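**Student:** entry-v4.cif is reproduced below (mmCIF, N, CA and C atoms).
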```cif
data_upload
loop_
_atom_site.group_PDB
_atom_site.id
_atom_site.type_symbol
_atom_site.label_atom_id
_atom_site.label_comp_id
_atom_site.auth_asym_id
_atom_site.auth_seq_id
_atom_site.Cartn_x
_atom_site.Cartn_y
_atom_site.Cartn_z
ATOM 1 N N MET A 98 -153.787 1.802 -67.460
ATOM 2 C CA MET A 98 -153.035 1.424 -68.655
ATOM 3 C C MET A 98 -153.638 2.110 -69.874
ATOM 4 N N THR A 99 -152.802 2.706 -70.688
ATOM 5 C CA THR A 99 -153.251 3.408 -71.882
ATOM 6 C C THR A 99 -153.085 2.511 -73.104
ATOM 7 N N THR A 100 -154.110 2.488 -73.930
ATOM 8 C CA THR A 100 -154.054 1.706 -75.163
ATOM 9 C C THR A 100 -153.599 2.626 -76.285
ATOM 10 N N THR A 101 -152.533 2.263 -76.975
ATOM 11 C CA THR A 101 -152.021 3.108 -78.041
ATOM 12 C C THR A 101 -152.884 2.979 -79.288
ATOM 13 N N GLU A 102 -152.777 3.981 -80.154
ATOM 14 C CA GLU A 102 -153.562 3.971 -81.389
ATOM 15 C C GLU A 102 -153.219 2.758 -82.253
ATOM 16 N N THR A 103 -151.937 2.398 -82.301
ATOM 17 C CA THR A 103 -151.523 1.242 -83.101
ATOM 18 C C THR A 103 -152.167 -0.038 -82.571
ATOM 19 N N THR A 104 -152.245 -0.174 -81.254
ATOM 20 C CA THR A 104 -152.881 -1.344 -80.660
ATOM 21 C C THR A 104 -154.362 -1.374 -81.007
ATOM 22 N N ILE A 105 -155.011 -0.214 -80.941
ATOM 23 C CA ILE A 105 -156.430 -0.138 -81.276
ATOM 24 C C ILE A 105 -156.640 -0.482 -82.748
ATOM 25 N N GLU A 106 -155.782 0.019 -83.615
ATOM 26 C CA GLU A 106 -155.889 -0.317 -85.035
ATOM 27 C C GLU A 106 -155.780 -1.825 -85.231
ATOM 28 N N GLY A 107 -154.844 -2.454 -84.555
ATOM 29 C CA GLY A 107 -154.685 -3.908 -84.650
ATOM 30 C C GLY A 107 -155.911 -4.644 -84.146
ATOM 31 N N GLN A 108 -156.498 -4.144 -83.052
ATOM 32 C CA GLN A 108 -157.709 -4.764 -82.521
ATOM 33 C C GLN A 108 -158.870 -4.643 -83.512
ATOM 34 N N ILE A 109 -158.979 -3.487 -84.152
ATOM 35 C CA ILE A 109 -160.051 -3.282 -85.135
ATOM 36 C C ILE A 109 -159.889 -4.259 -86.299
ATOM 37 N N LEU A 110 -158.684 -4.347 -86.836
ATOM 38 C CA LEU A 110 -158.440 -5.273 -87.949
ATOM 39 C C LEU A 110 -158.677 -6.716 -87.517
ATOM 40 N N ASP A 111 -158.256 -7.062 -86.303
ATOM 41 C CA ASP A 111 -158.474 -8.407 -85.782
ATOM 42 C C ASP A 111 -159.968 -8.722 -85.684
ATOM 43 N N GLN A 112 -160.745 -7.766 -85.172
ATOM 44 C CA GLN A 112 -162.191 -7.975 -85.062
ATOM 45 C C GLN A 112 -162.839 -8.128 -86.438
ATOM 46 N N LEU A 113 -162.395 -7.340 -87.413
ATOM 47 C CA LEU A 113 -162.949 -7.470 -88.763
ATOM 48 C C LEU A 113 -162.647 -8.846 -89.343
ATOM 49 N N HIS A 114 -161.448 -9.351 -89.103
ATOM 50 C CA HIS A 114 -161.090 -10.698 -89.585
ATOM 51 C C HIS A 114 -161.915 -11.769 -88.879
ATOM 52 N N ARG A 115 -162.184 -11.570 -87.593
ATOM 53 C CA ARG A 115 -162.981 -12.550 -86.841
ATOM 54 C C ARG A 115 -164.450 -12.519 -87.246
ATOM 55 N N LEU A 116 -165.005 -11.314 -87.405
ATOM 56 C CA LEU A 116 -166.426 -11.183 -87.730
ATOM 57 C C LEU A 116 -166.728 -11.509 -89.181
ATOM 58 N N ASP A 117 -165.740 -11.300 -90.055
ATOM 59 C CA ASP A 117 -165.930 -11.539 -91.486
ATOM 60 C C ASP A 117 -164.666 -12.173 -92.069
ATOM 61 N N PRO A 118 -164.463 -13.461 -91.837
ATOM 62 C CA PRO A 118 -163.230 -14.120 -92.294
ATOM 63 C C PRO A 118 -163.001 -14.028 -93.799
ATOM 64 N N ASP A 119 -164.071 -13.953 -94.584
ATOM 65 C CA ASP A 119 -163.921 -13.881 -96.037
ATOM 66 C C ASP A 119 -163.688 -12.462 -96.543
ATOM 67 N N ALA A 120 -163.818 -11.475 -95.657
ATOM 68 C CA ALA A 120 -163.596 -10.060 -95.979
ATOM 69 C C ALA A 120 -164.462 -9.597 -97.145
ATOM 70 N N ASP A 121 -165.737 -10.020 -97.156
ATOM 71 C CA ASP A 121 -166.614 -9.599 -98.243
ATOM 72 C C ASP A 121 -167.877 -8.892 -97.751
ATOM 73 N N ASP A 122 -167.945 -8.608 -96.458
ATOM 74 C CA ASP A 122 -169.115 -7.929 -95.904
ATOM 75 C C ASP A 122 -168.704 -6.660 -95.175
ATOM 76 N N LEU A 123 -169.660 -5.773 -94.998
ATOM 77 C CA LEU A 123 -169.457 -4.602 -94.166
ATOM 78 C C LEU A 123 -170.061 -4.893 -92.798
ATOM 79 N N ILE A 124 -169.388 -4.451 -91.751
ATOM 80 C CA ILE A 124 -169.812 -4.695 -90.374
ATOM 81 C C ILE A 124 -170.158 -3.348 -89.742
ATOM 82 N N ARG A 125 -171.235 -3.313 -89.006
ATOM 83 C CA ARG A 125 -171.633 -2.092 -88.307
ATOM 84 C C ARG A 125 -170.476 -1.638 -87.403
ATOM 85 N N LEU A 126 -170.085 -0.376 -87.514
ATOM 86 C CA LEU A 126 -168.949 0.149 -86.757
ATOM 87 C C LEU A 126 -169.138 -0.055 -85.256
ATOM 88 N N SER A 127 -170.332 0.173 -84.753
ATOM 89 C CA SER A 127 -170.575 0.019 -83.312
ATOM 90 C C SER A 127 -170.349 -1.414 -82.843
ATOM 91 N N THR A 128 -170.628 -2.385 -83.697
ATOM 92 C CA THR A 128 -170.400 -3.797 -83.353
ATOM 93 C C THR A 128 -168.916 -4.061 -83.141
ATOM 94 N N VAL A 129 -168.095 -3.466 -83.988
ATOM 95 C CA VAL A 129 -166.646 -3.649 -83.879
ATOM 96 C C VAL A 129 -166.103 -2.873 -82.679
ATOM 97 N N LEU A 130 -166.477 -1.608 -82.541
ATOM 98 C CA LEU A 130 -165.884 -0.757 -81.515
ATOM 99 C C LEU A 130 -166.236 -1.180 -80.098
ATOM 100 N N ARG A 131 -167.389 -1.789 -79.891
ATOM 101 C CA ARG A 131 -167.743 -2.206 -78.524
ATOM 102 C C ARG A 131 -166.837 -3.332 -78.033
ATOM 103 N N ARG A 132 -166.134 -3.998 -78.936
ATOM 104 C CA ARG A 132 -165.239 -5.103 -78.565
ATOM 105 C C ARG A 132 -163.783 -4.649 -78.427
ATOM 106 N N ILE A 133 -163.548 -3.344 -78.572
ATOM 107 C CA ILE A 133 -162.195 -2.791 -78.593
ATOM 108 C C ILE A 133 -161.933 -2.012 -77.299
ATOM 109 N N ASP A 134 -160.721 -2.139 -76.762
ATOM 110 C CA ASP A 134 -160.304 -1.356 -75.597
ATOM 111 C C ASP A 134 -159.874 0.035 -76.049
ATOM 112 N N GLY A 135 -160.108 1.020 -75.193
ATOM 113 C CA GLY A 135 -159.660 2.380 -75.490
ATOM 114 C C GLY A 135 -160.786 3.382 -75.363
ATOM 115 N N THR A 136 -160.418 4.637 -75.380
ATOM 116 C CA THR A 136 -161.405 5.706 -75.263
ATOM 117 C C THR A 136 -162.146 5.889 -76.582
ATOM 118 N N PHE A 137 -163.265 6.585 -76.519
ATOM 119 C CA PHE A 137 -164.054 6.859 -77.722
ATOM 120 C C PHE A 137 -163.196 7.539 -78.787
ATOM 121 N N TRP A 138 -162.483 8.598 -78.390
ATOM 122 C CA TRP A 138 -161.709 9.361 -79.376
ATOM 123 C C TRP A 138 -160.522 8.572 -79.914
ATOM 124 N N ALA A 139 -159.899 7.752 -79.086
ATOM 125 C CA ALA A 139 -158.788 6.917 -79.564
ATOM 126 C C ALA A 139 -159.282 5.931 -80.619
ATOM 127 N N LYS A 140 -160.479 5.387 -80.401
ATOM 128 C CA LYS A 140 -161.059 4.467 -81.379
ATOM 129 C C LYS A 140 -161.370 5.185 -82.681
ATOM 130 N N GLN A 141 -161.916 6.401 -82.585
ATOM 131 C CA GLN A 141 -162.242 7.171 -83.790
ATOM 132 C C GLN A 141 -160.983 7.523 -84.568
ATOM 133 N N GLU A 142 -159.923 7.902 -83.862
ATOM 134 C CA GLU A 142 -158.656 8.220 -84.525
ATOM 135 C C GLU A 142 -158.077 6.986 -85.214
ATOM 136 N N ALA A 143 -158.215 5.825 -84.595
ATOM 137 C CA ALA A 143 -157.704 4.593 -85.197
ATOM 138 C C ALA A 143 -158.482 4.247 -86.461
ATOM 139 N N VAL A 144 -159.802 4.399 -86.429
ATOM 140 C CA VAL A 144 -160.626 4.141 -87.623
ATOM 141 C C VAL A 144 -160.222 5.095 -88.741
ATOM 142 N N THR A 145 -160.039 6.357 -88.391
ATOM 143 C CA THR A 145 -159.642 7.358 -89.397
ATOM 144 C C THR A 145 -158.279 7.021 -89.991
ATOM 145 N N ALA A 146 -157.335 6.616 -89.157
ATOM 146 C CA ALA A 146 -155.999 6.260 -89.647
ATOM 147 C C ALA A 146 -156.061 5.058 -90.587
ATOM 148 N N LEU A 147 -156.841 4.040 -90.227
ATOM 149 C CA LEU A 147 -156.991 2.869 -91.106
ATOM 150 C C LEU A 147 -157.641 3.251 -92.429
ATOM 151 N N PHE A 148 -158.643 4.128 -92.369
ATOM 152 C CA PHE A 148 -159.311 4.598 -93.576
ATOM 153 C C PHE A 148 -158.336 5.392 -94.453
ATOM 154 N N ASP A 149 -157.555 6.272 -93.831
ATOM 155 C CA ASP A 149 -156.591 7.088 -94.579
ATOM 156 C C ASP A 149 -155.522 6.242 -95.266
ATOM 157 N N ARG A 150 -155.189 5.102 -94.688
ATOM 158 C CA ARG A 150 -154.187 4.207 -95.286
ATOM 159 C C ARG A 150 -154.812 3.156 -96.195
ATOM 160 N N SER A 151 -156.098 3.264 -96.467
ATOM 161 C CA SER A 151 -156.826 2.332 -97.340
ATOM 162 C C SER A 151 -156.810 0.900 -96.829
ATOM 163 N N GLU A 152 -156.764 0.734 -95.515
ATOM 164 C CA GLU A 152 -156.837 -0.607 -94.953
ATOM 165 C C GLU A 152 -158.284 -1.026 -94.704
ATOM 166 N N ILE A 153 -159.164 -0.045 -94.524
ATOM 167 C CA ILE A 153 -160.583 -0.344 -94.363
ATOM 168 C C ILE A 153 -161.395 0.583 -95.265
ATOM 169 N N ALA A 154 -162.583 0.124 -95.609
ATOM 170 C CA ALA A 154 -163.551 0.941 -96.334
ATOM 171 C C ALA A 154 -164.615 1.374 -95.330
ATOM 172 N N VAL A 155 -165.122 2.579 -95.500
ATOM 173 C CA VAL A 155 -166.166 3.097 -94.622
ATOM 174 C C VAL A 155 -167.337 3.531 -95.487
ATOM 175 N N VAL A 156 -168.518 3.060 -95.134
ATOM 176 C CA VAL A 156 -169.747 3.412 -95.854
ATOM 177 C C VAL A 156 -170.790 3.778 -94.810
ATOM 178 N N LYS A 157 -171.533 4.838 -95.067
ATOM 179 C CA LYS A 157 -172.597 5.239 -94.150
ATOM 180 C C LYS A 157 -173.931 4.998 -94.851
ATOM 181 N N ILE A 158 -174.762 4.152 -94.260
ATOM 182 C CA ILE A 158 -176.056 3.791 -94.834
ATOM 183 C C ILE A 158 -177.147 4.201 -93.852
ATOM 184 N N ASN A 159 -178.028 5.089 -94.314
ATOM 185 C CA ASN A 159 -179.108 5.601 -93.452
ATOM 186 C C ASN A 159 -178.588 6.115 -92.119
ATOM 187 N N GLY A 160 -177.452 6.805 -92.149
ATOM 188 C CA GLY A 160 -176.886 7.397 -90.950
ATOM 189 C C GLY A 160 -176.072 6.458 -90.084
ATOM 190 N N VAL A 161 -175.942 5.202 -90.479
ATOM 191 C CA VAL A 161 -175.210 4.209 -89.685
ATOM 192 C C VAL A 161 -173.891 3.883 -90.393
ATOM 193 N N PRO A 162 -172.746 4.102 -89.712
ATOM 194 C CA PRO A 162 -171.470 3.774 -90.343
ATOM 195 C C PRO A 162 -171.165 2.273 -90.302
ATOM 196 N N TYR A 163 -170.691 1.767 -91.423
ATOM 197 C CA TYR A 163 -170.251 0.381 -91.566
ATOM 198 C C TYR A 163 -168.801 0.397 -92.027
ATOM 199 N N ILE A 164 -168.025 -0.608 -91.602
ATOM 200 C CA ILE A 164 -166.640 -0.719 -92.053
ATOM 201 C C ILE A 164 -166.385 -2.138 -92.540
ATOM 202 N N GLY A 165 -165.381 -2.253 -93.385
ATOM 203 C CA GLY A 165 -164.969 -3.553 -93.891
ATOM 204 C C GLY A 165 -163.528 -3.478 -94.341
ATOM 205 N N LEU A 166 -162.924 -4.624 -94.503
ATOM 206 C CA LEU A 166 -161.547 -4.664 -94.982
ATOM 207 C C LEU A 166 -161.492 -4.205 -96.427
ATOM 208 N N CYS A 167 -160.520 -3.397 -96.747
ATOM 209 C CA CYS A 167 -160.368 -2.863 -98.096
ATOM 210 C C CYS A 167 -159.612 -3.882 -98.950
ATOM 211 N N ASP A 168 -160.233 -4.318 -100.048
ATOM 212 C CA ASP A 168 -159.589 -5.295 -100.918
ATOM 213 C C ASP A 168 -158.702 -4.585 -101.947
ATOM 214 N N GLY A 169 -158.121 -5.331 -102.850
ATOM 215 C CA GLY A 169 -157.220 -4.769 -103.858
ATOM 216 C C GLY A 169 -157.886 -3.737 -104.744
ATOM 217 N N LEU A 170 -159.126 -3.982 -105.147
ATOM 218 C CA LEU A 170 -159.851 -3.033 -105.985
ATOM 219 C C LEU A 170 -160.065 -1.712 -105.249
ATOM 220 N N CYS A 171 -160.436 -1.814 -103.999
ATOM 221 C CA CYS A 171 -160.638 -0.631 -103.160
ATOM 222 C C CYS A 171 -159.332 0.167 -103.047
ATOM 223 N N GLN A 172 -158.243 -0.527 -102.792
ATOM 224 C CA GLN A 172 -156.951 0.147 -102.665
ATOM 225 C C GLN A 172 -156.515 0.772 -103.980
ATOM 226 N N ASP A 173 -156.744 0.095 -105.102
ATOM 227 C CA ASP A 173 -156.390 0.652 -106.418
ATOM 228 C C ASP A 173 -157.203 1.904 -106.726
ATOM 229 N N ALA A 174 -158.484 1.886 -106.396
ATOM 230 C CA ALA A 174 -159.341 3.052 -106.627
ATOM 231 C C ALA A 174 -158.876 4.233 -105.783
ATOM 232 N N ASN A 175 -158.486 3.967 -104.544
ATOM 233 C CA ASN A 175 -158.006 5.036 -103.675
ATOM 234 C C ASN A 175 -156.685 5.606 -104.169
ATOM 235 N N THR A 176 -155.797 4.745 -104.648
ATOM 236 C CA THR A 176 -154.514 5.193 -105.187
ATOM 237 C C THR A 176 -154.724 6.062 -106.419
ATOM 238 N N ALA A 177 -155.622 5.642 -107.315
ATOM 239 C CA ALA A 177 -155.912 6.419 -108.526
ATOM 240 C C ALA A 177 -156.484 7.790 -108.170
ATOM 241 N N ALA A 178 -157.361 7.835 -107.188
ATOM 242 C CA ALA A 178 -157.949 9.115 -106.765
ATOM 243 C C ALA A 178 -156.873 10.042 -106.215
ATOM 244 N N LEU A 179 -155.964 9.494 -105.436
ATOM 245 C CA LEU A 179 -154.882 10.315 -104.891
ATOM 246 C C LEU A 179 -153.970 10.834 -105.988
ATOM 247 N N GLN A 180 -153.702 10.017 -107.008
ATOM 248 C CA GLN A 180 -152.862 10.448 -108.118
ATOM 249 C C GLN A 180 -153.522 11.564 -108.915
ATOM 250 N N ARG A 181 -154.856 11.576 -108.954
ATOM 251 C CA ARG A 181 -155.580 12.648 -109.624
ATOM 252 C C ARG A 181 -155.739 13.875 -108.734
ATOM 253 N N GLY A 182 -155.257 13.777 -107.492
ATOM 254 C CA GLY A 182 -155.356 14.894 -106.565
ATOM 255 C C GLY A 182 -156.708 14.997 -105.880
ATOM 256 N N GLU A 183 -157.492 13.933 -105.922
ATOM 257 C CA GLU A 183 -158.803 13.935 -105.284
ATOM 258 C C GLU A 183 -158.676 13.400 -103.864
ATOM 259 N N PRO A 184 -159.468 13.910 -102.939
ATOM 260 C CA PRO A 184 -159.423 13.392 -101.569
ATOM 261 C C PRO A 184 -160.148 12.057 -101.469
ATOM 262 N N ARG A 185 -159.840 11.315 -100.402
ATOM 263 C CA ARG A 185 -160.568 10.067 -100.128
ATOM 264 C C ARG A 185 -162.028 10.408 -99.885
ATOM 265 N N LYS A 186 -162.913 9.526 -100.241
ATOM 266 C CA LYS A 186 -164.336 9.779 -100.096
ATOM 267 C C LYS A 186 -164.973 8.778 -99.152
ATOM 268 N N LEU A 187 -165.816 9.290 -98.275
ATOM 269 C CA LEU A 187 -166.655 8.454 -97.435
ATOM 270 C C LEU A 187 -167.969 8.308 -98.172
ATOM 271 N N LEU A 188 -168.334 7.076 -98.491
ATOM 272 C CA LEU A 188 -169.581 6.846 -99.223
ATOM 273 C C LEU A 188 -170.777 6.949 -98.291
ATOM 274 N N VAL A 189 -171.742 7.749 -98.672
ATOM 275 C CA VAL A 189 -172.973 7.901 -97.896
ATOM 276 C C VAL A 189 -174.128 7.487 -98.780
ATOM 277 N N LEU A 190 -174.879 6.480 -98.345
ATOM 278 C CA LEU A 190 -176.003 5.961 -99.122
ATOM 279 C C LEU A 190 -177.297 6.217 -98.407
#
```
Would you encode the structure as structure tokens?

**Tutor:**
Amino acid sequence: MTTTETTIEGQILDQLHRLDPDADDLIRLSTVLRRIDGTFWAKQEAVTALFDRSEIAVVKINGVPYIGLCDGLCQDANTAALQRGEPRKLLVL
């Protein structure tokens, strides 16, 4: 059985809601992905698609990627950047 990208995206969002019901923390990407069905590349494509649509925020801290649900401020900042013609940015700390 093949897991579609849309299903994987839904699983990722579901896991983020379960792990962080208040949507105010970043969760280690590996913690989320180990609970998701699908191939490595399908999971990566789903994360990228969610990031591109401003549904999740991605931050890399000391080489470790973290993800979290994108709130209204995050979405507004991404929209403003796109209107200025700037690409989305992955924050690396």

**Student:** Report the residues of chain A whose backbone DSSP state falls under strand (DSSP E), written as a list in words.

**Tutor:** Ile124, Arg125, Ile153, Ala154, Val155, Val156, Lys157, Ile158, Val161, Pro162, Tyr163, Ile164, Gly165, Leu166, Leu188 and Val189 of chain A

**Student:** For each of A:Asn175, A:Arg125, A:Pro118, A:Ile109, take the minimum atom-to-atom distance to Ala143 of chain A, counting only N, CA and C atoms, then give the residue where this is smallest.

**Tutor:**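 Using only N, CA and C atoms, the shortest distance to Ala143 of chain A belongs to A:Ile109.
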
**Student:** If I take atom N of Ile164 of chain A and atom C of Leu123 of chain A, how far is one from the other in Å, to one decimal?

**Tutor:**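 Computing it gives 4.9 Å between the two atoms.
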
**Student:** Could you tell me, as a VMD selection string, exactly which residues end up selected when the PyMOL selection byres (((chain A and resi 158-162 and name CA) around 12) and name CA) is applied to this structure?

**Tutor:** chain A and resid 123 to 130 141 144 154 to 157 163 to 165 187 to 190

**Student:** Can those selected residues be exported to a file as a PDB file, in the frame of the given file so that it contains N, CA and C atoms?

**Tutor:**
```pdb
ATOM      1  N   LEU A 123    -169.660  -5.773 -94.998  1.00  0.00           N
ATOM      2  CA  LEU A 123    -169.457  -4.602 -94.166  1.00  0.00           C
ATOM      3  C   LEU A 123    -170.061  -4.893 -92.798  1.00  0.00           C
ATOM      4  N   ILE A 124    -169.388  -4.451 -91.751  1.00  0.00           N
ATOM      5  CA  ILE A 124    -169.812  -4.695 -90.374  1.00  0.00           C
ATOM      6  C   ILE A 124    -170.158  -3.348 -89.742  1.00  0.00           C
ATOM      7  N   ARG A 125    -171.235  -3.313 -89.006  1.00  0.00           N
ATOM      8  CA  ARG A 125    -171.633  -2.092 -88.307  1.00  0.00           C
ATOM      9  C   ARG A 125    -170.476  -1.638 -87.403  1.00  0.00           C
ATOM     10  N   LEU A 126    -170.085  -0.376 -87.514  1.00  0.00           N
ATOM     11  CA  LEU A 126    -168.949   0.149 -86.757  1.00  0.00           C
ATOM     12  C   LEU A 126    -169.138  -0.055 -85.256  1.00  0.00           C
ATOM     13  N   SER A 127    -170.332   0.173 -84.753  1.00  0.00           N
ATOM     14  CA  SER A 127    -170.575   0.019 -83.312  1.00  0.00           C
ATOM     15  C   SER A 127    -170.349  -1.414 -82.843  1.00  0.00           C
ATOM     16  N   THR A 128    -170.628  -2.385 -83.697  1.00  0.00           N
ATOM     17  CA  THR A 128    -170.400  -3.797 -83.353  1.00  0.00           C
ATOM     18  C   THR A 128    -168.916  -4.061 -83.141  1.00  0.00           C
ATOM     19  N   VAL A 129    -168.095  -3.466 -83.988  1.00  0.00           N
ATOM     20  CA  VAL A 129    -166.646  -3.649 -83.879  1.00  0.00           C
ATOM     21  C   VAL A 129    -166.103  -2.873 -82.679  1.00  0.00           C
ATOM     22  N   LEU A 130    -166.477  -1.608 -82.541  1.00  0.00           N
ATOM     23  CA  LEU A 130    -165.884  -0.757 -81.515  1.00  0.00           C
ATOM     24  C   LEU A 130    -166.236  -1.180 -80.098  1.00  0.00           C
ATOM     25  N   GLN A 141    -161.916   6.401 -82.585  1.00  0.00           N
ATOM     26  CA  GLN A 141    -162.242   7.171 -83.790  1.00  0.00           C
ATOM     27  C   GLN A 141    -160.983   7.523 -84.568  1.00  0.00           C
ATOM     28  N   VAL A 144    -159.802   4.399 -86.429  1.00  0.00           N
ATOM     29  CA  VAL A 144    -160.626   4.141 -87.623  1.00  0.00           C
ATOM     30  C   VAL A 144    -160.222   5.095 -88.741  1.00  0.00           C
ATOM     31  N   ALA A 154    -162.583   0.124 -95.609  1.00  0.00           N
ATOM     32  CA  ALA A 154    -163.551   0.941 -96.334  1.00  0.00           C
ATOM     33  C   ALA A 154    -164.615   1.374 -95.330  1.00  0.00           C
ATOM     34  N   VAL A 155    -165.122   2.579 -95.500  1.00  0.00           N
ATOM     35  CA  VAL A 155    -166.166   3.097 -94.622  1.00  0.00           C
ATOM     36  C   VAL A 155    -167.337   3.531 -95.487  1.00  0.00           C
ATOM     37  N   VAL A 156    -168.518   3.060 -95.134  1.00  0.00           N
ATOM     38  CA  VAL A 156    -169.747   3.412 -95.854  1.00  0.00           C
ATOM     39  C   VAL A 156    -170.790   3.778 -94.810  1.00  0.00           C
ATOM     40  N   LYS A 157    -171.533   4.838 -95.067  1.00  0.00           N
ATOM     41  CA  LYS A 157    -172.597   5.239 -94.150  1.00  0.00           C
ATOM     42  C   LYS A 157    -173.931   4.998 -94.851  1.00  0.00           C
ATOM     43  N   TYR A 163    -170.691   1.767 -91.423  1.00  0.00           N
ATOM     44  CA  TYR A 163    -170.251   0.381 -91.566  1.00  0.00           C
ATOM     45  C   TYR A 163    -168.801   0.397 -92.027  1.00  0.00           C
ATOM     46  N   ILE A 164    -168.025  -0.608 -91.602  1.00  0.00           N
ATOM     47  CA  ILE A 164    -166.640  -0.719 -92.053  1.00  0.00           C
ATOM     48  C   ILE A 164    -166.385  -2.138 -92.540  1.00  0.00           C
ATOM     49  N   GLY A 165    -165.381  -2.253 -93.385  1.00  0.00           N
ATOM     50  CA  GLY A 165    -164.969  -3.553 -93.891  1.00  0.00           C
ATOM     51  C   GLY A 165    -163.528  -3.478 -94.341  1.00  0.00           C
ATOM     52  N   LEU A 187    -165.816   9.290 -98.275  1.00  0.00           N
ATOM     53  CA  LEU A 187    -166.655   8.454 -97.435  1.00  0.00           C
ATOM     54  C   LEU A 187    -167.969   8.308 -98.172  1.00  0.00           C
ATOM     55  N   LEU A 188    -168.334   7.076 -98.491  1.00  0.00           N
ATOM     56  CA  LEU A 188    -169.581   6.846 -99.223  1.00  0.00           C
ATOM     57  C   LEU A 188    -170.777   6.949 -98.291  1.00  0.00           C
ATOM     58  N   VAL A 189    -171.742   7.749 -98.672  1.00  0.00           N
ATOM     59  CA  VAL A 189    -172.973   7.901 -97.896  1.00  0.00           C
ATOM     60  C   VAL A 189    -174.128   7.487 -98.780  1.00  0.00           C
ATOM     61  N   LEU A 190    -174.879   6.480 -98.345  1.00  0.00           N
ATOM     62  CA  LEU A 190    -176.003   5.961 -99.122  1.00  0.00           C
ATOM     63  C   LEU A 190    -177.297   6.217 -98.407  1.00  0.00           C
TER      64      LEU A 190
END
```

**Student:** In Å, how far is it from atom N of Lys140 of chain A to atom N of Ile105 of chain A?

**Tutor:**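 Atom N of Ile105 of chain A lies 7.8 Å from atom N of Lys140 of chain A.
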
**Student:** Calculate how many Å separate atom C of Thr136 of chain A from atom C of Leu110 of chain A, rounding to one decimal.

**Tutor:**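 According to the coordinates, atom C of Thr136 of chain A and atom C of Leu110 of chain A are separated by 17.0 Å.
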
**Student:** Using DSSP assignments from the backbone, pull out every residue in segment 130-187 of chain A that falls under alpha helix (DSSP H) and give it to me as a PyMOL selection string.

**Tutor:** chain A and resi 130+137-149+169-180

**Student:** Given the PyMOL selection byres ((chain A and resi 166) around 6.5) and the file above, list the residues it selects as a list in words.

**Tutor:**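 This file, filtered by the PyMOL selection byres ((chain A and resi 166) around 6.5), leaves Leu113, Ala120, Asp122, Glu152, Ile153, Ala154, Ile164, Gly165, Cys167 and Asp168 of chain A.
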
**Student:** Can you sort out the box for segment 108-126 of chain A, edges along x, y and z, all listed atoms in, 3 Å on every side, with centre and edge lengths in Å to one decimal, as AutoDock Vina command-line options?

**Tutor:**
```
--center_x -164.1 --center_y -7.0 --center_z -90.4 --size_x 21.1 --size_y 20.3 --size_z 21.7
```

**Student:** How would segment 140-165 of chain A of the given structure read as a file with C-alpha atoms, as a PDB file, in the first residue's frame?

**Tutor:**
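Generated output (out_17.pdb):
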```
ATOM      1  CA  LYS A 140       8.009  12.376   4.272  1.00  0.00           C
ATOM      2  CA  GLN A 141      10.569  14.994   3.215  1.00  0.00           C
ATOM      3  CA  GLU A 142       8.374  16.107   0.308  1.00  0.00           C
ATOM      4  CA  ALA A 143       5.385  16.416   2.650  1.00  0.00           C
ATOM      5  CA  VAL A 144       7.375  18.553   5.119  1.00  0.00           C
ATOM      6  CA  THR A 145       8.550  20.759   2.252  1.00  0.00           C
ATOM      7  CA  ALA A 146       4.999  21.143   0.918  1.00  0.00           C
ATOM      8  CA  LEU A 147       3.675  22.118   4.370  1.00  0.00           C
ATOM      9  CA  PHE A 148       6.531  24.598   4.777  1.00  0.00           C
ATOM     10  CA  ASP A 149       5.901  26.081   1.311  1.00  0.00           C
ATOM     11  CA  ARG A 150       2.224  26.619   2.188  1.00  0.00           C
ATOM     12  CA  SER A 151       3.122  28.241   5.544  1.00  0.00           C
ATOM     13  CA  GLU A 152       1.360  25.532   7.516  1.00  0.00           C
ATOM     14  CA  ILE A 153       4.484  24.705   9.516  1.00  0.00           C
ATOM     15  CA  ALA A 154       7.586  26.592  10.596  1.00  0.00           C
ATOM     16  CA  VAL A 155      10.999  24.959  10.276  1.00  0.00           C
ATOM     17  CA  VAL A 156      13.999  25.955  12.385  1.00  0.00           C
ATOM     18  CA  LYS A 157      17.394  24.274  12.467  1.00  0.00           C
ATOM     19  CA  ILE A 158      19.222  24.530  15.802  1.00  0.00           C
ATOM     20  CA  ASN A 159      22.762  23.152  16.063  1.00  0.00           C
ATOM     21  CA  GLY A 160      22.150  21.046  12.962  1.00  0.00           C
ATOM     22  CA  VAL A 161      18.888  19.542  14.252  1.00  0.00           C
ATOM     23  CA  PRO A 162      15.661  20.414  12.399  1.00  0.00           C
ATOM     24  CA  TYR A 163      12.597  21.317  14.469  1.00  0.00           C
ATOM     25  CA  ILE A 164       9.065  21.933  13.189  1.00  0.00           C
ATOM     26  CA  GLY A 165       5.978  23.542  14.632  1.00  0.00           C
TER      27      GLY A 165
END
```
